[in-house]
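Structure record follows, encoded as structure tokens.
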Number of protein chains: 4
Amino acid sequence: MMIIMKPGSTQVELEHVLDHIRENGLTPHLSIGEDHTVIGAIGDTHAIPTALFEVLDGVESVIRISQPYKLASRQFHPKNSIFPLDGFNVGGDEIAIIAGPCSVESREQLLDTAQAVRSAGAHALRGGVFKPRTSPYTFQGLGEDGLELVAEARQLTGMPVVVEITSITQLDIMLKYVDVFQIGARNMQNFALLSEIGKTQTPVLLKRGMSATIEELLMASEYILSGGNQRVILCERGIRTFETATRNTTDINAIPVLKALTHLPVILDPSHSTGHADYVTAIARAAIAAGADGLIVEVHPDPAHALSDGRQSLKPEKFVELVKQVGQIAEVIGRKLAPLATTEATQTHTSKGI
Amino acid sequence: MMIIMKPGSTQVELEHVLDHIRENGLTPHLSIGEDHTVIGAIGDTHAIPTALFEVLDGVESVIRISQPYKLASRQFHPKNSIFPLDGFNVGGDEIAIIAGPCSVESREQLLDTAQAVRSAGAHALRGGVFKPRTSPYTFQGLGEDGLELVAEARQLTGMPVVVEITSITQLDIMLKYVDVFQIGARNMQNFALLSEIGKTQTPVLLKRGMSATIEELLMASEYILSGGNQRVILCERGIRTFETATRNTTDINAIPVLKALTHLPVILDPSHSTGHADYVTAIARAAIAAGADGLIVEVHPDPAHALSDGRQSLKPEKFVELVKQVGQIAEVIGRKLAPLATTEATQTHTSKGI
Amino acid sequence: MMIIMKPGSTQVELEHVLDHIRENGLTPHLSIGEDHTVIGAIGDTHAIPTALFEVLDGVESVIRISQPYKLASRQFHPKNSIFPLDGFNVGGDEIAIIAGPCSVESREQLLDTAQAVRSAGAHALRGGVFKPRTSPYTFQGLGEDGLELVAEARQLTGMPVVVEITSITQLDIMLKYVDVFQIGARNMQNFALLSEIGKTQTPVLLKRGMSATIEELLMASEYILSGGNQRVILCERGIRTFETATRNTTDINAIPVLKALTHLPVILDPSHSTGHADYVTAIARAAIAAGADGLIVEVHPDPAHALSDGRQSLKPEKFVELVKQVGQIAEVIGRKLAPLATTEATQTHTSKGI
Amino acid sequence: MMIIMKPGSTQVELEHVLDHIRENGLTPHLSIGEDHTVIGAIGDTHAIPTALFEVLDGVESVIRISQPYKLASRQFHPKNSIFPLDGFNVGGDEIAIIAGPCSVESREQLLDTAQAVRSAGAHALRGGVFKPRTSPYTFQGLGEDGLELVAEARQLTGMPVVVEITSITQLDIMLKYVDVFQIGARNMQNFALLSEIGKTQTPVLLKRGMSATIEELLMASEYILSGGNQRVILCERGIRTFETATRNTTDINAIPVLKALTHLPVILDPSHSTGHADYVTAIARAAIAAGADGLIVEVHPDPAHALSDGRQSLKPEKFVELVKQVGQIAEVIGRKLAPLATTEATQTHTSKGI
């Protein structure tokens with residue numbers, strides 16, 4: 001941590017900063033420039049907020065040199081984290097595709113979609129039952145009833161299921177049904193929820209908040225990792241900017257940046273990051289070309305009657321094409337699609353949620 | 001709702017849209033332009049997502065004409081909502097000032113600050129016990145132990161207390177101690193929490209999310225209002241932009257815009273919206289000049305030893321000056337500071353939390 | 001154009017709006033909803049600002065239905081614009097790559113880089129001589145002297161040259177030397193400059209402003225197109241957002257969105273859009289995967305001694321790899337790299353700039 | 001400047017950085033932390049880009065400690081810059097108000113407005129004749145013909161005139177007519193124009209670009225100051241953010257931040273920063289409360305027939321009210337409105353532009 005003193009700060013102020021550094025278990029190191037004196041605070045600073053020094057008299061600003069995250073950092077864990085999920089791996093050379101409807105709406109809708117995406121080459125099924133909606137007047141999800149349908153789709157297709165959790169109060173019931181917890185963008189900094197999830201061993205798909213920096217996403221993952229749950233998949237899903245031509249702005253830069261900073265798997269959600277079915281396939285290709293480890297894609301058999309996110313949902317036939325193109329892009333960069341779930345994979349998991 | 005058809009869309013597509021409008025209980029009204037056909041969907045549309053029509057073949061875009069919020073809207077409730085709080089009113093002609101430390105850290109720190117802000121002219125006391133912190137390695141608040149201290153400060157000063165709630169699981173204990181729930185920026189779209197708070201009758205200070213639009217803030221309030229709790233105070237606390245000279249960008253425009261759109265009281269938090277004690281007083285003056293109904297300000301007796309947000313906390317003597325200046329600004333625009341809490345006010349509430 | 005009246009607006013206000021519509025050569029069409037009356041203003045509205053109606057009493061808002069651009073719109077020009085440039089085409093099936101240093105610094109630096117990028121497979125050479133720098137104290141470019149060097153590199157390699165113009169006063173001298181004018185991000189709305197460039201027939205590479213919307217980029221191109229110059233190449237170069245991990249945020253969505261809205265060629269600049277050499281190749285691959293028609297990439301033989309933008313410049317050996325990977329991605333989506341410039345191409349152009 | 005080495009960087013890389021620091025006339029100072037070695041580069045660094053070191057092998061990042069601007073900095077010029085303008089001062093205790101139409105449209109419109117704003121208490125007249133418009137199909141200003149009208153309004157009212165310059169080619173004619181050059185937001189980084197203006201002695205009102213940081217605004221002013229023209233007034237006019245309820249987001253924080261960083265006068269344009277006449281007065285009050293030295297406000301006698309920016313223009317009677325309220329706010333913070341222009345002031349200037 002570097003502490004920059006104001007031009008004209010006094011010797012007394014400087015001494016006070018030096019004392020404060022030592023009080024916090026760090027070693028000060030002075031560097032006197034033309035206008036500014038800069039003090040290095042040397043030691044393990046990842047748990048020390050910069051604010052601790054910013055408030056001292058005579059201090060102009062404080063700059064963190066070491067990353068504030070540890071467990072997520074590639075610096076301390078250079079190899080990719082790879083973890084198995086029902087017959088395929090996430091985070092290795094293979095590309096994983098999660099697909100399904102935004103919301104579980106009915107048995108028929110979910111099972112049809114599940115079979116369609118499985119045939120098209122998806123590796124896991126998504127489907128929300130507790131929906132965070134901007135308006136209290138719109139469809140809020142089927143709730144617990146939806147979980148039974150998810151379990152049925154799981155058994156039918158052999159695919160693991162990814163379901164969003166929006167409250168700690170859902171944790172116990174979800175643990176019975178779900179293979180991967182999704183933490184949505186709006187809950188990326190719901191630290192109470194992250195901490196509870198960190199106490200489980202269920203894999204987590206952690207979506208970036210719509211105005212979260214890459215560093216904040218990594219700090220959010222640190223809440224889960226520091227709880228003991230090492231299986232976190234990060235997901236770029238578009239950020240909020242001034243551009244209104246698309247629902248969000250896909251931060252494609254985040255893919256190579258995250259791959260450089262962390263060992264955790266990184267996937268992209270082109271459905272939310274564009275908000276428009278017409279652009280999903282192009283951005284899915286771009287994500288894999290940029291180095292993403294997978295995708296999560298909204299697919300609906302009848303988008304015109306979807307109860308949420310219809311506009312950004314692909315019809316199954318478009319999704320078939322997406323999987324094919326993405327597979328070809330993967331090969332160009334020396335990767336390939338993960339193998340598909342088999343009946344055996346299914347059977348080893350039927351104990352869950354049925 | 002206006003549905004704009006693509007140039008070149010077919011008659012069959014048009015008929016399908018018309019049917020869909022009727023199926024949803026609305027009446028279609030056609031308007032044929034040079035390039036585009038536009039269809040008005042007339043009726044009560046506030047609970048109908050635009051997505052319902054956006055996904056139909058031939059549709060280019062859908063524009064909402066009516067506001068998607070009802071209970072928060074000044075259109076249906078032209079008069080300001082005013083509600084009483086321990087001897088003063090919020091939302092009327094009087095300006096209310098909430099002040100206190102970011103976090104409750106110790107008995108001495110809280111009681112000293114409470115007495116200092118009361119003497120300076122604050123009307124209510126803030127102080128967090130469950131702290132949403134970016135890093136899992138920094139101070140997370142005193143938790144329930146802090147609530148006892150809050151209750152003591154409340155009794156000592158006669159001021160109502162505003163405390164942030166970060167999880168549904170804290171609701172029962174908080175109800176015993178707290179006069180106003182604060183929903184922090186990170187939880188503005190924690191809809192599960194908003195819904196539960198909506199079932200209580202405790203006033204709520206709802207902070208705008210750091211990347212939430214004004215409309216989304218109003219929709220979040222709608223979750224609380226539609227649950228039956230009418231006492232919502234909206235709080236602008238700065239938004240996230242590209243500018244890094246300050247922690248956030250105070251959206252001062254939001255003050256007159258919110259006052260035009262809603263009957264709910266609107267206050268501003270200059271501590272978070274600037275992130276720097278040096279700028280808090282100037283922005284507090286600006287808020288009142290722009291028409292805000294109050295302020296929430298971080299004050300700490302010893303910012304250099306604050307466990308959170310020290311950099312943006314005012315020392316009590318600076319806060320005295322802030323209250324004085326704000327009071328003078330209020331008079332210029334025909335308002336005044338609310339009267340201070342009295343011992344009597346205190347005594348009528350001592351049943352709570354002690 | 002749709003004009004939405006305020007709830008409670010009067011008949012007199014309505015009549016006044018109807019008159020105003022007719023005065024502007026449009027036909028009004030009324031649609032009466034529950035809360036709002038909406039008036040369609042039918043006719044050719046692309047040259048009519050919405051503000052014309054927004055200011056009338058009783059009007060709540062005005063929504064443009066037709067695009068405000070015409071010549072750039074794919075609606076009126078469905079086929080891709082393809083235009084030839086020294087032996088290759090821009091805007092067709094072939095991918096074009098422009099490469100070279102940020103600034104022309106010396107004869108040796110430019111000629112070395114030009115030959116290196118040509119060998120690696122670049123189709124055109126970039127190199128700035130008038131540099132828009134944030135600080136007046138840093139290198140501002142070689143100015144006119146640099147143009148002689150550009151001409152020499154052009155003759156040596158047979159590649160057309162792309163050079164940024166920053167002022168109308170440079171136009172005459174630049175016309176003698178340059179094959180493609182670059183309009184930089186900071187000048188995207190320098191309308192005086194755009195208008196002058198529109199009077200020439202020299203192709204233009206128009207970069208998106210760092211906070212320009214996609215629509216504003218198209219409107220800027222309209223200034224050039226409406227002057228009579230049809231050869232405009234659009235360039236996404238990253239936008240300014242809250243994220244600080246990269247210099248800019250690559251708006252990869254802009255690629256498929258622009259390809260849908262306009263017939264003009266669309267390329268991407270991964271050097272500026274990331275600001276970091278480590279990420280350039282990944283984002284170059286993503287751009288082509290998303291459907292871009294080409295790339296413009298900064299390459300420098302010795303980035304550590306570059307006078308500008310060294311951090312984001314690729315070394316020639318990294319650029320070789322980029323071209324190879326981009327060529328493979330192109331094939332996956334049914335495209336290929338444009339053929340390389342030949343000596344003949346060179347000779348037909350040696351009359352220029354020498 | 002602090003250079004942070006990557007964890008694991010080699011001794012050879014370190015030596016190379018140290019050499020590079022010395023080559024650039026600076027003195028290196030080493031500080032060895034747990035993960036990172038940090039090197040201070042001590043000396044006059046304001047003209048040295050951080051990129052110079054960022055590109056070196058083994059370097060993780062480079063942080064500037066000293067401000068990159070000098071002439072604009074309060075550090076080197078602690079007292080406020082105050083300069084006289086036709087009978088009143090800008091930058092001192094007095095508040096100056098510039099008002100007038102967005103565009104000069106006709107003799108009658110301009111003279112009426114000029115007299116109205118003068119009666120209401122304005123100190124200077126604004127009025128554009130070269131208009132930077134997003135669309136090439138809308139009114140582009142009266143051009144040079146408008147300047148004659150501006151001169152007439154100047155003589156009639158005795159007020160100095162502020163006119164936007166959009167191209168170097170307008171400089172000679174403008175110098176004959178204009179008391180203050182306005183540089184618009186879109187030209188804030190038109191460095192060619194800034195440099196030319198820097199060679200004159202005419203005061204400049206420099207508007208912040210819609211996505212420019214505060215530091216970039218100060219660097220833009222540095223282009224003018226370093227040319228020899230010391231009379232620069234900075235103007236906050238709203239920045240571009242995700243919020244769409246207003247045309248721009250008024251960055252009210254910029255007022256106290258700029259007053260802390262620079263000695264130059266700072267004013268605010270509430271017309272552009274809100275985009276809506278209904279909010280202009282509230283934000284004007286906020287600006288003065290926050291410490292601004294003045295305002296620039298759009299006023300039009302008949303906004304419904306304004307050729308540009310009608311929606312955000314105040315009618316004269318509303319402007320009267322604004323001036324009154326702003327004057328009262330000024331007094332609360334120990335300032336007052338500047339005295340009004342007198343006939344004598346007029347006469348000493350009639351040699352110009354007539």
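Identifiers in the structure tokens: chain A, B, ... in order shown; residue index from 1 per chain; ligand index from 1 in order shown.
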Sort by chain and increasing residue number a table of all residues of chain B within 7 Å of chain D, each with its closest pair of atoms and their distance in Å to one decimal, counting only C-alpha atoms, and write it as a tab-separated table.
```
residue	atom	partner	partner_atom	distance
B:Thr213	CA	D:Glu243	CA	5.5
B:Thr241	CA	D:Thr241	CA	6.1
B:Glu243	CA	D:Thr213	CA	5.5
B:Thr249	CA	D:Asp251	CA	6.2
B:Thr250	CA	D:Asn253	CA	6.3
B:Asp251	CA	D:Thr249	CA	6.2
B:Ile252	CA	D:Thr250	CA	6.4
B:Asn253	CA	D:Thr250	CA	6.3
B:Pro256	CA	D:Tyr279	CA	6.2
B:Thr274	CA	D:Asn253	CA	6.6
B:Tyr279	CA	D:Pro256	CA	6.2
B:Ala282	CA	D:Ala290	CA	4.5
B:Ile283	CA	D:Ala290	CA	5.8
B:Arg285	CA	D:Ala289	CA	5.5
B:Ala286	CA	D:Ala286	CA	4.0
B:Ala287	CA	D:Ala286	CA	6.5
B:Ala289	CA	D:Ala286	CA	5.0
B:Ala290	CA	D:Ala282	CA	4.5
B:Gly291	CA	D:Ala282	CA	6.9
B:Gln328	CA	D:Val332	CA	6.4
B:Ile329	CA	D:Ile329	CA	6.4
B:Val332	CA	D:Gln328	CA	6.4
```
Exercise for review: Pick out each residue of region 33-282 of chain C that DSSP on the backbone tags as alpha helix (DSSP H); I need them as a ChimeraX atom specification.
Suggested key: /C:51-54,107-120,144-157,171-177,191-198,214-225,254-261,270-274,277-282
Exercise for review: Within region 164-240 of chain C, find each residue whose DSSP state, derived from the backbone, is strand (DSSP E), and express the selection as an MDAnalysis selection string.
Suggested key: chainID C and resid 164 180:183 204:207 232:236
Excluding Asp44 (chain C) and any residue of its chain fewer than 2 positions from it, enumerate the residues within 8 Å of it, using only C-alpha atoms, and give them as a PDB file with N, CA and C atoms, in the first residue's frame.
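So the final result, stored in out.pdb, reads:
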```
ATOM      1  N   GLU B  34     -45.351   6.501 -42.759  1.00  0.00           N
ATOM      2  CA  GLU B  34     -44.692   6.271 -44.042  1.00  0.00           C
ATOM      3  C   GLU B  34     -43.886   4.972 -44.032  1.00  0.00           C
TER       4      GLU B  34
ATOM      5  N   LEU C  26     -46.532  17.655 -41.618  1.00  0.00           N
ATOM      6  CA  LEU C  26     -46.857  16.278 -41.233  1.00  0.00           C
ATOM      7  C   LEU C  26     -48.363  16.146 -41.011  1.00  0.00           C
ATOM      8  N   ILE C  42     -47.243  11.968 -38.879  1.00  0.00           N
ATOM      9  CA  ILE C  42     -46.921  11.073 -39.990  1.00  0.00           C
ATOM     10  C   ILE C  42     -46.373  11.864 -41.164  1.00  0.00           C
ATOM     11  N   HIS C  46     -37.316  12.633 -40.672  1.00  0.00           N
ATOM     12  CA  HIS C  46     -35.920  12.433 -40.269  1.00  0.00           C
ATOM     13  C   HIS C  46     -35.189  13.753 -40.023  1.00  0.00           C
ATOM     14  N   ALA C  47     -35.657  14.839 -40.630  1.00  0.00           N
ATOM     15  CA  ALA C  47     -34.983  16.118 -40.427  1.00  0.00           C
ATOM     16  C   ALA C  47     -35.674  16.987 -39.375  1.00  0.00           C
TER      17      ALA C  47
END
```
Practice item. Excluding Ser221 (chain B) and residues on its chain fewer than 2 positions from it, collect all residues at most 9 Å away from it, counting only C-alpha atoms, and give them as a ChimeraX atom specification. Key: /B:69,71-72,188,194,206,216-219,223-226,232-234
Would you mind exporting the chosen residues as a PDB file, in the first residue's frame, restricted to N, CA, C and O atoms?
```
ATOM      1  N   TYR B  69     -45.106   2.245 -12.592  1.00  0.00           N
ATOM      2  CA  TYR B  69     -45.393   2.271 -11.153  1.00  0.00           C
ATOM      3  C   TYR B  69     -46.690   3.047 -10.950  1.00  0.00           C
ATOM      4  O   TYR B  69     -47.038   3.917 -11.746  1.00  0.00           O
ATOM      5  N   LEU B  71     -48.412   3.167  -7.248  1.00  0.00           N
ATOM      6  CA  LEU B  71     -48.570   3.634  -5.872  1.00  0.00           C
ATOM      7  C   LEU B  71     -47.581   4.750  -5.541  1.00  0.00           C
ATOM      8  O   LEU B  71     -47.872   5.623  -4.734  1.00  0.00           O
ATOM      9  N   ALA B  72     -46.432   4.722  -6.178  1.00  0.00           N
ATOM     10  CA  ALA B  72     -45.419   5.749  -5.918  1.00  0.00           C
ATOM     11  C   ALA B  72     -45.659   6.997  -6.747  1.00  0.00           C
ATOM     12  O   ALA B  72     -45.037   8.026  -6.513  1.00  0.00           O
ATOM     13  N   MET B 188     -31.101  -2.616  -3.137  1.00  0.00           N
ATOM     14  CA  MET B 188     -32.276  -1.930  -3.678  1.00  0.00           C
ATOM     15  C   MET B 188     -33.130  -2.865  -4.522  1.00  0.00           C
ATOM     16  O   MET B 188     -34.338  -2.691  -4.621  1.00  0.00           O
ATOM     17  N   LEU B 194     -37.355  -6.612   0.055  1.00  0.00           N
ATOM     18  CA  LEU B 194     -38.330  -5.521  -0.091  1.00  0.00           C
ATOM     19  C   LEU B 194     -39.741  -6.007   0.211  1.00  0.00           C
ATOM     20  O   LEU B 194     -40.527  -5.323   0.876  1.00  0.00           O
ATOM     21  N   LEU B 206     -35.129   3.974   1.620  1.00  0.00           N
ATOM     22  CA  LEU B 206     -34.719   3.128   0.493  1.00  0.00           C
ATOM     23  C   LEU B 206     -33.679   3.866  -0.331  1.00  0.00           C
ATOM     24  O   LEU B 206     -33.975   4.869  -0.980  1.00  0.00           O
ATOM     25  N   GLU B 216     -36.206   2.631 -11.853  1.00  0.00           N
ATOM     26  CA  GLU B 216     -36.004   1.400 -11.083  1.00  0.00           C
ATOM     27  C   GLU B 216     -36.111   1.646  -9.578  1.00  0.00           C
ATOM     28  O   GLU B 216     -36.595   0.784  -8.840  1.00  0.00           O
ATOM     29  N   LEU B 217     -35.661   2.811  -9.136  1.00  0.00           N
ATOM     30  CA  LEU B 217     -35.825   3.147  -7.715  1.00  0.00           C
ATOM     31  C   LEU B 217     -37.306   3.212  -7.364  1.00  0.00           C
ATOM     32  O   LEU B 217     -37.750   2.665  -6.344  1.00  0.00           O
ATOM     33  N   LEU B 218     -38.087   3.835  -8.233  1.00  0.00           N
ATOM     34  CA  LEU B 218     -39.528   3.933  -7.976  1.00  0.00           C
ATOM     35  C   LEU B 218     -40.180   2.549  -8.026  1.00  0.00           C
ATOM     36  O   LEU B 218     -41.079   2.253  -7.240  1.00  0.00           O
ATOM     37  N   MET B 219     -39.729   1.682  -8.945  1.00  0.00           N
ATOM     38  CA  MET B 219     -40.278   0.320  -9.002  1.00  0.00           C
ATOM     39  C   MET B 219     -39.914  -0.463  -7.742  1.00  0.00           C
ATOM     40  O   MET B 219     -40.704  -1.284  -7.263  1.00  0.00           O
ATOM     41  N   TYR B 223     -42.505  -2.254  -4.675  1.00  0.00           N
ATOM     42  CA  TYR B 223     -42.537  -3.547  -3.974  1.00  0.00           C
ATOM     43  C   TYR B 223     -42.953  -3.367  -2.517  1.00  0.00           C
ATOM     44  O   TYR B 223     -43.698  -4.161  -1.957  1.00  0.00           O
ATOM     45  N   ILE B 224     -42.436  -2.304  -1.886  1.00  0.00           N
ATOM     46  CA  ILE B 224     -42.764  -2.062  -0.477  1.00  0.00           C
ATOM     47  C   ILE B 224     -44.193  -1.530  -0.349  1.00  0.00           C
ATOM     48  O   ILE B 224     -44.992  -2.012   0.453  1.00  0.00           O
ATOM     49  N   LEU B 225     -44.519  -0.554  -1.181  1.00  0.00           N
ATOM     50  CA  LEU B 225     -45.850   0.070  -1.118  1.00  0.00           C
ATOM     51  C   LEU B 225     -46.947  -0.940  -1.399  1.00  0.00           C
ATOM     52  O   LEU B 225     -47.984  -0.947  -0.743  1.00  0.00           O
ATOM     53  N   SER B 226     -46.720  -1.809  -2.386  1.00  0.00           N
ATOM     54  CA  SER B 226     -47.776  -2.753  -2.763  1.00  0.00           C
ATOM     55  C   SER B 226     -47.954  -3.837  -1.704  1.00  0.00           C
ATOM     56  O   SER B 226     -48.954  -4.548  -1.699  1.00  0.00           O
ATOM     57  N   VAL B 232     -42.320   5.116   2.846  1.00  0.00           N
ATOM     58  CA  VAL B 232     -41.030   4.938   2.176  1.00  0.00           C
ATOM     59  C   VAL B 232     -40.402   6.307   1.918  1.00  0.00           C
ATOM     60  O   VAL B 232     -41.049   7.193   1.368  1.00  0.00           O
ATOM     61  N   ILE B 233     -39.153   6.445   2.350  1.00  0.00           N
ATOM     62  CA  ILE B 233     -38.361   7.645   2.074  1.00  0.00           C
ATOM     63  C   ILE B 233     -37.316   7.239   1.037  1.00  0.00           C
ATOM     64  O   ILE B 233     -36.589   6.262   1.232  1.00  0.00           O
ATOM     65  N   LEU B 234     -37.239   7.963  -0.069  1.00  0.00           N
ATOM     66  CA  LEU B 234     -36.260   7.643  -1.115  1.00  0.00           C
ATOM     67  C   LEU B 234     -34.971   8.413  -0.838  1.00  0.00           C
ATOM     68  O   LEU B 234     -35.010   9.555  -0.363  1.00  0.00           O
TER      69      LEU B 234
END
```
Exercise for review: Write out as a list in words the residues lying within 7 Å of region 299-311 of chain D, counting only C-alpha atoms and excluding same-chain residues fewer than 2 positions away.
Suggested key: Ala51, Leu52, Glu54, Val55 and Leu56 of chain C; Ala99, Gly100, Pro101, Cys102, Ser103, Thr113, Phe139, Gly275, His276, Ala277, Val297, Ser313, Leu314, Lys315 and Pro316 of chain D
Selection to disk with N, CA and C atoms, as an mmCIF file, in the first residue's frame:
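Saved file part.cif follows:
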```cif
data_model
loop_
_atom_site.group_PDB
_atom_site.id
_atom_site.type_symbol
_atom_site.label_atom_id
_atom_site.label_comp_id
_atom_site.auth_asym_id
_atom_site.auth_seq_id
_atom_site.Cartn_x
_atom_site.Cartn_y
_atom_site.Cartn_z
ATOM 1 N N ALA C 51 -37.432 17.936 -30.382
ATOM 2 C CA ALA C 51 -37.562 19.104 -29.508
ATOM 3 C C ALA C 51 -38.658 20.053 -29.984
ATOM 4 N N LEU C 52 -38.935 20.012 -31.255
ATOM 5 C CA LEU C 52 -39.936 20.899 -31.837
ATOM 6 C C LEU C 52 -41.286 20.736 -31.154
ATOM 7 N N GLU C 54 -41.538 18.758 -28.125
ATOM 8 C CA GLU C 54 -41.344 18.574 -26.681
ATOM 9 C C GLU C 54 -41.627 19.840 -25.891
ATOM 10 N N VAL C 55 -41.420 20.995 -26.528
ATOM 11 C CA VAL C 55 -41.563 22.245 -25.785
ATOM 12 C C VAL C 55 -42.998 22.733 -25.692
ATOM 13 N N LEU C 56 -43.910 22.094 -26.432
ATOM 14 C CA LEU C 56 -45.287 22.611 -26.424
ATOM 15 C C LEU C 56 -45.973 22.296 -25.102
ATOM 16 N N ALA D 99 -26.628 34.596 -19.892
ATOM 17 C CA ALA D 99 -27.917 34.056 -20.333
ATOM 18 C C ALA D 99 -28.200 34.489 -21.755
ATOM 19 N N GLY D 100 -29.080 33.774 -22.400
ATOM 20 C CA GLY D 100 -29.444 34.093 -23.767
ATOM 21 C C GLY D 100 -29.919 32.847 -24.478
ATOM 22 N N PRO D 101 -30.228 32.997 -25.758
ATOM 23 C CA PRO D 101 -30.765 31.856 -26.502
ATOM 24 C C PRO D 101 -29.666 30.849 -26.844
ATOM 25 N N CYS D 102 -30.069 29.608 -27.068
ATOM 26 C CA CYS D 102 -29.128 28.604 -27.564
ATOM 27 C C CYS D 102 -28.541 29.111 -28.879
ATOM 28 N N SER D 103 -29.413 29.367 -29.859
ATOM 29 C CA SER D 103 -28.967 29.863 -31.166
ATOM 30 C C SER D 103 -29.510 31.264 -31.402
ATOM 31 N N THR D 113 -34.538 38.911 -26.410
ATOM 32 C CA THR D 113 -33.990 38.074 -25.336
ATOM 33 C C THR D 113 -32.904 38.820 -24.575
ATOM 34 N N PHE D 139 -31.164 22.730 -38.243
ATOM 35 C CA PHE D 139 -30.645 24.102 -38.261
ATOM 36 C C PHE D 139 -29.190 24.161 -37.765
ATOM 37 N N GLY D 275 -31.382 19.412 -19.345
ATOM 38 C CA GLY D 275 -32.092 19.217 -20.604
ATOM 39 C C GLY D 275 -33.574 19.507 -20.522
ATOM 40 N N HIS D 276 -33.997 20.070 -19.411
ATOM 41 C CA HIS D 276 -35.434 20.248 -19.228
ATOM 42 C C HIS D 276 -35.685 21.512 -18.399
ATOM 43 N N ALA D 277 -36.453 22.435 -18.986
ATOM 44 C CA ALA D 277 -36.700 23.717 -18.333
ATOM 45 C C ALA D 277 -37.247 23.567 -16.912
ATOM 46 N N VAL D 297 -27.141 30.108 -18.717
ATOM 47 C CA VAL D 297 -28.524 29.627 -18.762
ATOM 48 C C VAL D 297 -29.142 29.964 -20.122
ATOM 49 N N SER D 313 -34.936 25.606 -22.569
ATOM 50 C CA SER D 313 -34.841 27.056 -22.445
ATOM 51 C C SER D 313 -35.910 27.588 -21.502
ATOM 52 N N LEU D 314 -35.479 28.509 -20.646
ATOM 53 C CA LEU D 314 -36.435 29.172 -19.750
ATOM 54 C C LEU D 314 -37.119 30.311 -20.480
ATOM 55 N N LYS D 315 -38.362 30.546 -20.159
ATOM 56 C CA LYS D 315 -39.003 31.785 -20.581
ATOM 57 C C LYS D 315 -38.447 32.910 -19.702
ATOM 58 N N PRO D 316 -38.419 34.149 -20.225
ATOM 59 C CA PRO D 316 -37.829 35.243 -19.445
ATOM 60 C C PRO D 316 -38.410 35.377 -18.041
#
```
Check your understanding: Using only C-alpha atoms, which residues sit within 12 Å of Leu111 (chain A) once same-chain residues fewer than 2 positions away are excluded, as a VMD selection string?
Key -> chain A and resid 100 to 101 104 to 109 113 to 118 125 to 127 146 148 to 159 300 to 301
Practice item. Mind checking which residues fall within 7 Å of region 176-180 of chain C, counting only C-alpha atoms, ignoring those fewer than 2 positions away in the same chain, and posting them as number ranges by chain? Key: C: 147, 151, 160-163, 173-174, 182, 202-205, 352-353
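Note that CA of Ile197 (chain D) and CA of Ile168 (chain D) are 8.5 Å apart.
Coordinates place CA of Asp293 (chain D) at a distance of 7.8 Å from CA of Asp93 (chain D).
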